[in-house]
$ cat final-v3.cif   # mmCIF, C-alpha atoms
data_data
loop_
_atom_site.label_atom_id
_atom_site.label_comp_id
_atom_site.auth_asym_id
_atom_site.auth_seq_id
_atom_site.Cartn_x
_atom_site.Cartn_y
_atom_site.Cartn_z
CA GLU E 1 70.94 101.79 109.66
CA GLN E 2 74.36 100.15 109.45
CA GLN E 3 74.67 100.13 113.23
CA ARG E 4 71.13 98.83 113.86
CA GLY E 5 70.96 96.35 110.99
CA TRP E 6 74.40 95.22 109.94
CA GLY E 7 76.53 96.59 112.79
CA GLU E 8 80.28 96.51 112.01
CA SER E 9 79.99 93.66 109.47
CA PHE E 10 78.52 95.24 106.38
CA HIS E 11 77.77 92.24 104.19
CA PHE E 12 74.89 89.94 103.33
CA ALA E 13 74.36 86.58 105.02
CA HIS E 14 72.97 83.08 104.61
CA MET E 15 69.78 83.41 106.66
CA MET E 16 67.60 80.75 108.32
CA HIS E 17 64.12 81.02 109.84
CA GLY E 18 64.17 82.42 113.37
CA GLU E 19 67.53 84.18 113.00
CA THR E 20 68.09 87.89 113.34
CA LEU E 21 70.27 89.52 110.70
CA ARG E 22 73.11 89.87 113.22
CA GLU E 23 72.93 86.19 114.15
CA ALA E 24 72.99 85.21 110.48
CA ILE E 25 75.98 87.47 109.83
CA LYS E 26 77.92 85.87 112.70
CA ARG E 27 77.13 82.37 111.46
CA HIS E 28 78.13 83.39 107.93
CA GLU E 29 81.53 84.52 109.25
CA HIS E 30 82.00 81.44 111.46
CA TYR E 31 81.30 79.20 108.45
CA LEU E 32 84.16 80.87 106.57
CA ALA E 33 86.50 80.44 109.55
CA LEU E 34 85.67 76.74 109.83
CA LYS E 35 86.23 76.21 106.10
CA LEU E 36 89.64 77.90 106.38
CA GLU E 37 90.65 75.44 109.14
CA ILE E 38 92.38 78.19 111.12
CA GLY E 39 93.35 78.22 114.79
CA LYS E 40 95.32 80.14 117.42
CA ASP E 41 98.63 79.68 115.58
CA SER E 42 97.30 80.81 112.19
CA LYS E 43 98.36 84.05 110.52
CA VAL E 44 95.46 85.19 108.32
CA LEU E 45 94.79 87.99 105.81
CA ASP E 46 91.37 89.66 105.47
CA VAL E 47 91.29 91.16 101.96
CA GLY E 48 89.11 94.29 101.89
CA CYS E 49 88.24 94.28 105.58
CA GLY E 50 86.02 97.35 106.01
CA VAL E 51 86.09 98.46 109.66
CA GLY E 52 86.98 94.92 110.70
CA GLY E 53 83.71 93.46 111.98
CA PRO E 54 84.31 90.03 110.39
CA LEU E 55 88.00 90.23 111.32
CA ARG E 56 87.24 90.62 115.02
CA GLU E 57 84.48 87.99 114.97
CA ILE E 58 86.62 85.40 113.15
CA SER E 59 89.64 86.12 115.35
CA GLU E 60 87.59 85.66 118.51
CA PHE E 61 85.93 82.51 117.11
CA SER E 62 89.13 80.85 115.87
CA GLY E 63 91.92 82.41 117.93
CA ALA E 64 93.79 83.36 114.74
CA THR E 65 95.90 86.48 114.30
CA ILE E 66 94.35 88.47 111.45
CA THR E 67 95.61 91.38 109.38
CA GLY E 68 92.95 93.52 107.72
CA LEU E 69 93.79 95.06 104.35
CA ASN E 70 91.85 98.15 103.27
CA ASN E 71 92.60 101.12 101.01
CA ASN E 72 90.27 103.47 102.92
CA GLU E 73 92.20 105.49 105.50
CA TYR E 74 89.17 106.31 107.66
CA GLN E 75 88.05 102.68 107.85
CA VAL E 76 91.57 101.50 108.73
CA LYS E 77 91.76 104.06 111.54
CA ARG E 78 88.24 103.22 112.77
CA GLY E 79 88.98 99.50 112.62
CA GLY E 80 92.07 99.93 114.77
CA GLU E 81 90.08 101.92 117.34
CA LEU E 82 87.35 99.27 117.47
CA CYS E 83 89.94 96.51 117.92
CA LYS E 84 91.51 98.28 120.90
CA LYS E 85 88.10 99.02 122.40
CA SER E 86 87.01 95.38 122.08
CA GLY E 87 90.25 93.96 123.44
CA HIS E 88 91.36 92.40 120.15
CA GLY E 89 94.37 94.70 119.72
CA LEU E 90 96.97 91.95 120.13
CA LYS E 91 95.36 89.54 117.65
CA CYS E 92 94.30 92.00 114.94
CA ASP E 93 95.97 94.74 112.95
CA PHE E 94 95.23 96.81 109.86
CA VAL E 95 97.20 97.84 106.78
CA LYS E 96 96.17 100.64 104.42
CA ALA E 97 96.96 99.35 100.96
CA ASP E 98 95.60 98.39 97.54
CA PHE E 99 94.77 94.68 97.36
CA MET E 100 96.25 94.65 93.85
CA LYS E 101 99.64 95.41 95.50
CA ILE E 102 99.65 93.73 98.92
CA PRO E 103 102.58 95.03 101.02
CA ALA E 104 103.74 91.61 102.25
CA GLU E 105 106.52 89.19 101.39
CA ASP E 106 105.81 86.07 99.37
CA CYS E 107 104.45 83.15 101.43
CA THR E 108 103.56 85.27 104.49
CA TYR E 109 100.09 84.03 105.46
CA ASP E 110 98.68 80.62 106.43
CA ALA E 111 95.24 81.54 105.06
CA ALA E 112 93.28 84.40 103.52
CA TYR E 113 89.65 85.30 102.97
CA GLN E 114 87.49 87.97 101.40
CA ILE E 115 83.84 88.83 101.98
CA GLU E 116 82.19 90.64 99.06
CA ALA E 117 85.41 92.58 98.42
CA THR E 118 87.25 91.28 95.34
CA CYS E 119 84.24 92.10 93.15
CA HIS E 120 85.65 95.65 93.32
CA ALA E 121 88.94 94.58 91.71
CA PRO E 122 89.74 96.04 88.27
CA ASP E 123 91.32 92.68 87.38
CA TYR E 124 90.01 89.48 89.00
CA VAL E 125 92.93 87.28 87.95
CA GLY E 126 95.32 90.00 89.12
CA VAL E 127 93.92 90.21 92.65
CA TYR E 128 93.68 86.41 92.94
CA LYS E 129 97.35 86.11 91.85
CA GLU E 130 98.36 88.67 94.45
CA ILE E 131 96.54 86.75 97.20
CA LEU E 132 98.18 83.53 95.96
CA ARG E 133 101.60 85.19 96.17
CA VAL E 134 101.32 86.11 99.86
CA LEU E 135 99.95 82.69 100.90
CA LYS E 136 102.26 79.93 102.08
CA PRO E 137 102.30 76.79 99.90
CA GLY E 138 99.23 74.76 100.82
CA GLY E 139 97.54 77.85 102.25
CA LEU E 140 93.77 78.15 101.92
CA PHE E 141 91.82 81.06 100.46
CA ALA E 142 88.04 81.27 100.85
CA GLY E 143 85.48 83.90 100.03
CA TYR E 144 81.98 85.07 99.25
CA GLU E 145 81.92 86.56 95.75
CA TRP E 146 79.32 88.79 94.12
CA CYS E 147 78.47 87.06 90.82
CA MET E 148 75.89 86.76 88.09
CA THR E 149 74.48 83.23 88.20
CA ASP E 150 74.02 80.72 85.38
CA LYS E 151 70.43 81.99 85.09
CA TYR E 152 71.75 85.35 83.84
CA ASP E 153 71.18 85.79 80.10
CA PRO E 154 73.45 88.45 78.52
CA ASN E 155 70.99 88.72 75.64
CA ASN E 156 68.04 89.50 77.94
CA GLU E 157 67.54 93.27 78.12
CA LYS E 158 65.96 93.13 81.59
CA HIS E 159 68.88 91.06 82.89
CA LYS E 160 71.44 93.41 81.29
CA LYS E 161 69.74 96.48 82.82
CA CYS E 162 69.67 94.87 86.28
CA LYS E 163 73.36 93.93 86.07
CA ALA E 164 74.32 97.42 84.90
CA GLU E 165 72.40 99.05 87.77
CA ILE E 166 74.02 96.75 90.35
CA GLU E 167 77.44 97.69 88.96
CA LEU E 168 76.70 101.41 88.75
CA GLY E 169 75.01 101.64 92.14
CA ASN E 170 77.75 99.75 93.96
CA GLY E 171 80.77 101.18 92.13
CA LEU E 172 81.73 97.88 90.51
CA PRO E 173 83.55 96.99 87.31
CA ASP E 174 82.13 94.22 85.10
CA LEU E 175 80.57 91.63 87.45
CA ASN E 176 81.91 88.12 87.02
CA THR E 177 79.79 85.01 86.49
CA THR E 178 80.00 82.08 88.91
CA SER E 179 81.76 79.90 86.33
CA GLY E 180 84.00 82.81 85.36
CA ALA E 181 85.10 83.30 88.97
CA MET E 182 86.14 79.65 89.28
CA ALA E 183 88.01 79.76 85.97
CA MET E 184 89.88 82.91 87.02
CA LEU E 185 90.86 81.43 90.40
CA GLN E 186 92.34 78.48 88.50
CA GLU E 187 94.04 80.79 86.00
CA ALA E 188 95.64 82.62 88.94
CA GLY E 189 97.12 79.29 90.09
CA PHE E 190 94.73 78.06 92.78
CA GLU E 191 93.45 74.51 93.17
CA ILE E 192 89.65 74.44 93.57
CA ILE E 193 88.55 72.44 96.62
CA GLU E 194 84.85 73.31 96.76
CA HIS E 195 82.38 75.95 95.61
CA GLU E 196 78.64 76.54 95.80
CA ASP E 197 76.00 79.26 95.74
CA LEU E 198 74.87 79.54 99.37
CA VAL E 199 71.76 81.42 98.24
CA LEU E 200 70.31 78.06 97.18
CA THR E 201 70.32 76.62 100.73
CA ALA E 202 69.14 79.70 102.65
CA GLU E 203 65.64 79.59 104.16
CA VAL E 204 65.26 83.39 104.10
CA PRO E 205 66.23 85.40 100.99
CA TRP E 206 69.48 87.33 101.46
CA TYR E 207 67.84 90.52 100.12
CA GLU E 208 65.14 90.61 102.83
CA PRO E 209 66.91 93.42 104.80
CA LEU E 210 66.85 95.59 101.64
CA SER E 211 63.30 94.86 100.54
CA PRO E 212 60.79 97.76 100.77
CA ALA E 213 58.11 95.20 101.65
CA ARG E 214 59.88 94.09 104.83
CA LEU E 215 58.78 95.89 107.99
CA SER E 216 60.99 95.77 111.04
CA PHE E 217 62.66 98.29 113.34
CA SER E 218 66.13 97.60 111.98
CA SER E 219 65.06 97.89 108.31
CA PHE E 220 62.48 100.69 108.61
CA ARG E 221 64.45 103.01 106.32
CA THR E 222 64.17 100.52 103.45
CA THR E 223 60.36 100.31 103.61
CA PHE E 224 58.20 102.51 101.37
CA ILE E 225 57.22 104.77 104.29
CA GLY E 226 60.78 104.84 105.62
CA ARG E 227 62.14 105.77 102.21
CA MET E 228 59.56 108.55 101.82
CA ILE E 229 60.45 110.02 105.24
CA THR E 230 64.19 109.73 104.53
CA ARG E 231 63.81 111.31 101.09
CA ASN E 232 61.82 114.26 102.46
CA MET E 233 64.25 114.73 105.34
CA VAL E 234 67.24 114.77 102.98
CA TRP E 235 65.38 117.20 100.68
CA PHE E 236 64.69 119.56 103.61
CA LEU E 237 68.29 119.36 104.93
CA GLU E 238 69.63 120.13 101.46
CA LEU E 239 67.11 123.00 101.07
CA VAL E 240 68.22 124.72 104.29
CA GLY E 241 71.89 124.12 103.56
CA ILE E 242 72.68 121.54 106.25
CA ALA E 243 73.16 118.71 103.76
CA PRO E 244 75.42 119.40 100.76
CA LYS E 245 73.96 120.02 97.32
CA GLY E 246 73.30 116.80 95.47
CA SER E 247 72.32 114.84 98.61
CA VAL E 248 68.80 114.13 97.28
CA ARG E 249 70.28 112.82 94.03
CA VAL E 250 72.72 110.57 95.93
CA SER E 251 69.92 109.28 98.18
CA SER E 252 67.80 108.41 95.13
CA PHE E 253 70.81 106.79 93.47
CA LEU E 254 71.38 104.53 96.51
CA GLU E 255 67.70 103.56 96.57
CA ARG E 256 67.92 102.43 92.94
CA ALA E 257 71.09 100.46 93.75
CA ALA E 258 69.26 98.60 96.53
CA ASP E 259 66.27 97.98 94.25
CA SER E 260 68.51 96.46 91.56
CA LEU E 261 70.04 94.06 94.11
CA VAL E 262 66.58 92.95 95.24
CA GLU E 263 65.47 92.53 91.62
CA GLY E 264 68.59 90.48 90.79
CA GLY E 265 67.97 88.31 93.84
CA LYS E 266 64.30 87.72 93.09
CA ASP E 267 65.07 86.83 89.47
CA LYS E 268 67.87 84.52 90.69
CA ILE E 269 70.36 86.07 88.27
CA PHE E 270 72.63 87.55 90.98
CA THR E 271 74.21 86.17 94.14
CA PRO E 272 76.28 88.03 96.77
CA MET E 273 77.51 84.78 98.35
CA TYR E 274 79.07 82.47 95.82
CA PHE E 275 81.28 80.53 98.22
CA TYR E 276 84.61 79.04 97.22
CA LYS E 277 87.48 77.35 99.03
CA VAL E 278 90.73 77.07 97.11
CA ARG E 279 94.34 76.18 97.89
CA LYS E 280 97.78 77.36 96.85
CA PRO E 281 99.57 74.27 95.47
CA LEU E 282 102.14 72.79 97.84
CA GLY E 283 104.97 73.05 95.35
CA LYS E 284 104.32 76.70 94.58
CA GLY E 285 106.52 79.41 96.04
CA LYS E 286 106.03 82.81 94.46
CA GLY E 287 102.54 83.47 93.20
CA ARG E 288 103.53 85.43 90.10
CA LYS E 289 104.51 83.57 86.96
#

$ encode --input "final-v3.cif" --output "structure tokens"
Amino acid sequence: EQQRGWGESFHFAHMMHGETLREAIKRHEHYLALKLEIGKDSKVLDVGCGVGGPLREISEFSGATITGLNNNEYQVKRGGELCKKSGHGLKCDFVKADFMKIPAEDCTYDAAYQIEATCHAPDYVGVYKEILRVLKPGGLFAGYEWCMTDKYDPNNEKHKKCKAEIELGNGLPDLNTTSGAMAMLQEAGFEIIEHEDLVLTAEVPWYEPLSPARLSFSSFRTTFIGRMITRNMVWFLELVGIAPKGSVRVSSFLERAADSLVEGGKDKIFTPMYFYKVRKPLGKGKGRK
């Protein structure tokens, strides 16, 4: 499903009528590159890069040299292989590390970005401060953050349950709010340049690829029939010992995680693409206080 639907860029996208998911994902990445104002002489950090799909796309689009940071050894290795295979080996590299402790000197990068990655941080201000530290003075940082919107009501039981299921199903700590994210970026030392919820200007809901009601070849597994076939297949494979014990439970768990994202999107209480563009102040050297 990842290969057919999302490919090597496993994130949501601002979608318009007539676009395929892959086209929307590319445009979503190009938008970030344009906002960062990067070019062939730019040294850029991708925070939480996955297997490097956005990294390769943004490098090819902008000409920038990009370092991908990821704490998953397999993904770092796979990302390096894909870079060599695609001919991006000289412009892209990967580092296995925790983004709470970036292994780089102060003021190393011209720009940095993250796509749906820092929501996994145990401390938002902490990760933002660390990104600030490795940026050069005046360097730009942009990202798409998973957030609860201003329509989220912490006293609404349905809203609370949806938020908890998104967090549980996606292995997240306490999800930030849109206003909270901006406040924490400022607390870390960044200057806010612009921010907006891109969900509000999309013509096609971002959760369409996850919706059980959507029928297409690339999203067949998320439809009701596709889920039923997948569930029965996993049950059979676990029964005969090919799939490990607990596979059915994990499959059901992931289904519920997807359902909670769709519910949060439909109720407009959750966004996976709160866009921000911020800057490290010109007079600031080290990011830590």

$ resolve_selection --input "final-v3.cif" --expression "the PyMOL selection byres ((chain E and resi 30-38) around 7)" --output "number ranges by chain"
E: 26-29, 39, 42, 58, 61-62, 64, 111, 140, 142

$ closest_residue --input "final-v3.cif" --among "E:Glu157, E:Asp106, E:Asp150, E:Glu167" --to "Asp197 (chain E)" --atoms "all atoms listed in the file"
E:Asp150

$ atom_distance --input "final-v3.cif" --atom1 "CA of Gln114 (chain E)" --atom2 "CA of Lys266 (chain E)"
24.6 Å

$ residues_around --input "final-v3.cif" --residues "Val199 (chain E)" --least-positions-apart "3" --cutoff "12 Å" --atoms "only C-alpha atoms" --output "list in words"
Phe12, Ala13, His14, Met15, Met16, His28, Tyr144, Glu145, Trp146, Cys147, Thr149, Glu196, Ala202, Glu203, Val204, Pro205, Trp206, Tyr207, Gly265, Lys266, Lys268, Ile269, Phe270, Thr271, Pro272, Met273, Tyr274 and Phe275 of chain E

$ residues_around --input "final-v3.cif" --residues "region 76-79 of chain E" --least-positions-apart "2" --cutoff "9 Å" --atoms "all atoms listed in the file" --output "compact mmCIF listing (two decimals) with C-alpha atoms, in the frame of the given file"
# COMPACT_ATOMS: atom_id res chain seq x y z
CA CYS E 49 88.24 94.28 105.58
CA GLY E 50 86.02 97.35 106.01
CA VAL E 51 86.09 98.46 109.66
CA GLY E 52 86.98 94.92 110.70
CA GLY E 53 83.71 93.46 111.98
CA GLY E 68 92.95 93.52 107.72
CA LEU E 69 93.79 95.06 104.35
CA ASN E 70 91.85 98.15 103.27
CA ASN E 71 92.60 101.12 101.01
CA ASN E 72 90.27 103.47 102.92
CA GLU E 73 92.20 105.49 105.50
CA TYR E 74 89.17 106.31 107.66
CA GLU E 81 90.08 101.92 117.34
CA LEU E 82 87.35 99.27 117.47
CA CYS E 83 89.94 96.51 117.92
CA LYS E 84 91.51 98.28 120.90
CA ASP E 93 95.97 94.74 112.95
CA PHE E 94 95.23 96.81 109.86
CA VAL E 95 97.20 97.84 106.78
CA LYS E 96 96.17 100.64 104.42

$ closest_residue --input "final-v3.cif" --among "E:Glu263, E:Asp41, E:Glu116, E:Asp110" --to "Lys158 (chain E)" --atoms "all atoms listed in the file"
E:Glu263

$ resolve_selection --input "final-v3.cif" --expression "the PyMOL selection byres ((chain E and resi 125-138) around 7)" --output "JSON, numbers by chain"
{"E": [99, 100, 101, 102, 104, 105, 106, 107, 108, 109, 110, 111, 121, 123, 124, 139, 140, 184, 185, 187, 188, 279, 280, 281, 282, 283, 284, 285, 286, 287, 288]}

$ closest_residue --input "final-v3.cif" --among "E:Leu45, E:Leu168, E:Met182, E:Met148" --to "Arg256 (chain E)" --atoms "all atoms listed in the file"
E:Leu168

$ atom_distance --input "final-v3.cif" --atom1 "CA of Gly63 (chain E)" --atom2 "CA of Leu21 (chain E)"
23.9 Å

$ closest_residue --input "final-v3.cif" --among "E:Ser179, E:Ser86, E:Ser9, E:Gln186" --to "Glu60 (chain E)" --atoms "all atoms listed in the file"
E:Ser86

$ atom_distance --input "final-v3.cif" --atom1 "CA of Lys151 (chain E)" --atom2 "CA of Tyr113 (chain E)"
26.5 Å

$ closest_residue --input "final-v3.cif" --among "E:Val278, E:Glu23, E:His11, E:Leu261" --to "Lys161 (chain E)" --atoms "only C-alpha atoms"
E:Leu261

$ closest_residue --input "final-v3.cif" --among "E:Gly189, E:Cys119, E:Val47, E:Pro209" --to "Ile25 (chain E)" --atoms "all atoms listed in the file"
E:Pro209

$ decode --input "final-v3.cif" --residues "region 90-121 of chain E" --atoms "N, CA and C atoms" --output "PDB file, in the first residue's frame"
ATOM      1  N   LEU E  90      25.365  12.250  -4.199  1.00  0.00           N
ATOM      2  CA  LEU E  90      26.282  13.351  -3.915  1.00  0.00           C
ATOM      3  C   LEU E  90      25.603  14.529  -3.229  1.00  0.00           C
ATOM      4  N   LYS E  91      24.274  14.619  -3.349  1.00  0.00           N
ATOM      5  CA  LYS E  91      23.543  15.757  -2.779  1.00  0.00           C
ATOM      6  C   LYS E  91      22.789  15.400  -1.500  1.00  0.00           C
ATOM      7  N   CYS E  92      22.732  14.116  -1.163  1.00  0.00           N
ATOM      8  CA  CYS E  92      21.957  13.683  -0.007  1.00  0.00           C
ATOM      9  C   CYS E  92      22.750  12.714   0.848  1.00  0.00           C
ATOM     10  N   ASP E  93      22.597  12.825   2.163  1.00  0.00           N
ATOM     11  CA  ASP E  93      23.187  11.833   3.054  1.00  0.00           C
ATOM     12  C   ASP E  93      22.281  11.668   4.272  1.00  0.00           C
ATOM     13  N   PHE E  94      22.554  10.626   5.052  1.00  0.00           N
ATOM     14  CA  PHE E  94      21.699  10.289   6.182  1.00  0.00           C
ATOM     15  C   PHE E  94      22.528  10.132   7.450  1.00  0.00           C
ATOM     16  N   VAL E  95      21.918  10.494   8.565  1.00  0.00           N
ATOM     17  CA  VAL E  95      22.555  10.350   9.874  1.00  0.00           C
ATOM     18  C   VAL E  95      21.567   9.650  10.799  1.00  0.00           C
ATOM     19  N   LYS E  96      22.031   8.569  11.452  1.00  0.00           N
ATOM     20  CA  LYS E  96      21.177   7.897  12.435  1.00  0.00           C
ATOM     21  C   LYS E  96      21.377   8.591  13.780  1.00  0.00           C
ATOM     22  N   ALA E  97      20.345   9.259  14.236  1.00  0.00           N
ATOM     23  CA  ALA E  97      20.459   9.975  15.506  1.00  0.00           C
ATOM     24  C   ALA E  97      19.079  10.390  16.013  1.00  0.00           C
ATOM     25  N   ASP E  98      19.027  10.720  17.287  1.00  0.00           N
ATOM     26  CA  ASP E  98      17.833  11.233  17.944  1.00  0.00           C
ATOM     27  C   ASP E  98      17.726  12.724  17.656  1.00  0.00           C
ATOM     28  N   PHE E  99      16.556  13.184  17.208  1.00  0.00           N
ATOM     29  CA  PHE E  99      16.456  14.615  16.892  1.00  0.00           C
ATOM     30  C   PHE E  99      16.415  15.502  18.143  1.00  0.00           C
ATOM     31  N   MET E 100      16.410  14.885  19.314  1.00  0.00           N
ATOM     32  CA  MET E 100      16.553  15.659  20.549  1.00  0.00           C
ATOM     33  C   MET E 100      18.029  15.936  20.849  1.00  0.00           C
ATOM     34  N   LYS E 101      18.915  15.220  20.145  1.00  0.00           N
ATOM     35  CA  LYS E 101      20.372  15.400  20.310  1.00  0.00           C
ATOM     36  C   LYS E 101      21.025  15.316  18.934  1.00  0.00           C
ATOM     37  N   ILE E 102      20.873  16.352  18.140  1.00  0.00           N
ATOM     38  CA  ILE E 102      21.372  16.342  16.762  1.00  0.00           C
ATOM     39  C   ILE E 102      22.897  16.391  16.759  1.00  0.00           C
ATOM     40  N   PRO E 103      23.551  15.414  16.109  1.00  0.00           N
ATOM     41  CA  PRO E 103      25.021  15.368  16.100  1.00  0.00           C
ATOM     42  C   PRO E 103      25.633  16.338  15.077  1.00  0.00           C
ATOM     43  N   ALA E 104      25.469  17.630  15.342  1.00  0.00           N
ATOM     44  CA  ALA E 104      26.016  18.662  14.453  1.00  0.00           C
ATOM     45  C   ALA E 104      26.439  19.851  15.292  1.00  0.00           C
ATOM     46  N   GLU E 105      27.430  20.576  14.791  1.00  0.00           N
ATOM     47  CA  GLU E 105      27.909  21.773  15.483  1.00  0.00           C
ATOM     48  C   GLU E 105      26.844  22.865  15.427  1.00  0.00           C
ATOM     49  N   ASP E 106      26.943  23.812  16.337  1.00  0.00           N
ATOM     50  CA  ASP E 106      26.062  24.978  16.295  1.00  0.00           C
ATOM     51  C   ASP E 106      26.207  25.673  14.944  1.00  0.00           C
ATOM     52  N   CYS E 107      25.113  26.233  14.448  1.00  0.00           N
ATOM     53  CA  CYS E 107      25.124  27.061  13.231  1.00  0.00           C
ATOM     54  C   CYS E 107      25.666  26.310  12.002  1.00  0.00           C
ATOM     55  N   THR E 108      25.246  25.071  11.820  1.00  0.00           N
ATOM     56  CA  THR E 108      25.721  24.239  10.705  1.00  0.00           C
ATOM     57  C   THR E 108      24.893  24.419   9.433  1.00  0.00           C
ATOM     58  N   TYR E 109      23.570  24.510   9.579  1.00  0.00           N
ATOM     59  CA  TYR E 109      22.682  24.445   8.404  1.00  0.00           C
ATOM     60  C   TYR E 109      22.076  25.803   8.024  1.00  0.00           C
ATOM     61  N   ASP E 110      21.877  25.972   6.713  1.00  0.00           N
ATOM     62  CA  ASP E 110      21.234  27.183   6.193  1.00  0.00           C
ATOM     63  C   ASP E 110      19.725  27.152   6.433  1.00  0.00           C
ATOM     64  N   ALA E 111      19.153  25.946   6.431  1.00  0.00           N
ATOM     65  CA  ALA E 111      17.707  25.788   6.595  1.00  0.00           C
ATOM     66  C   ALA E 111      17.417  24.384   7.116  1.00  0.00           C
ATOM     67  N   ALA E 112      16.211  24.215   7.642  1.00  0.00           N
ATOM     68  CA  ALA E 112      15.777  22.902   8.125  1.00  0.00           C
ATOM     69  C   ALA E 112      14.271  22.782   7.923  1.00  0.00           C
ATOM     70  N   TYR E 113      13.812  21.549   7.827  1.00  0.00           N
ATOM     71  CA  TYR E 113      12.365  21.317   7.716  1.00  0.00           C
ATOM     72  C   TYR E 113      12.015  19.988   8.371  1.00  0.00           C
ATOM     73  N   GLN E 114      10.732  19.841   8.670  1.00  0.00           N
ATOM     74  CA  GLN E 114      10.207  18.570   9.165  1.00  0.00           C
ATOM     75  C   GLN E 114       8.823  18.385   8.582  1.00  0.00           C
ATOM     76  N   ILE E 115       8.498  17.147   8.239  1.00  0.00           N
ATOM     77  CA  ILE E 115       7.179  16.806   7.708  1.00  0.00           C
ATOM     78  C   ILE E 115       6.561  15.745   8.597  1.00  0.00           C
ATOM     79  N   GLU E 116       5.612  16.179   9.443  1.00  0.00           N
ATOM     80  CA  GLU E 116       4.882  15.268  10.325  1.00  0.00           C
ATOM     81  C   GLU E 116       5.812  14.427  11.198  1.00  0.00           C
ATOM     82  N   ALA E 117       6.910  15.029  11.662  1.00  0.00           N
ATOM     83  CA  ALA E 117       7.906  14.271  12.428  1.00  0.00           C
ATOM     84  C   ALA E 117       8.021  14.728  13.876  1.00  0.00           C
ATOM     85  N   THR E 118       8.052  16.043  14.120  1.00  0.00           N
ATOM     86  CA  THR E 118       8.298  16.524  15.480  1.00  0.00           C
ATOM     87  C   THR E 118       7.116  16.278  16.418  1.00  0.00           C
ATOM     88  N   CYS E 119       5.983  15.861  15.873  1.00  0.00           N
ATOM     89  CA  CYS E 119       4.852  15.476  16.745  1.00  0.00           C
ATOM     90  C   CYS E 119       5.213  14.254  17.592  1.00  0.00           C
ATOM     91  N   HIS E 120       6.289  13.543  17.194  1.00  0.00           N
ATOM     92  CA  HIS E 120       6.745  12.376  17.956  1.00  0.00           C
ATOM     93  C   HIS E 120       7.714  12.758  19.085  1.00  0.00           C
ATOM     94  N   ALA E 121       8.070  14.027  19.168  1.00  0.00           N
ATOM     95  CA  ALA E 121       9.038  14.465  20.183  1.00  0.00           C
ATOM     96  C   ALA E 121       8.440  14.397  21.591  1.00  0.00           C
TER      97      ALA E 121
END
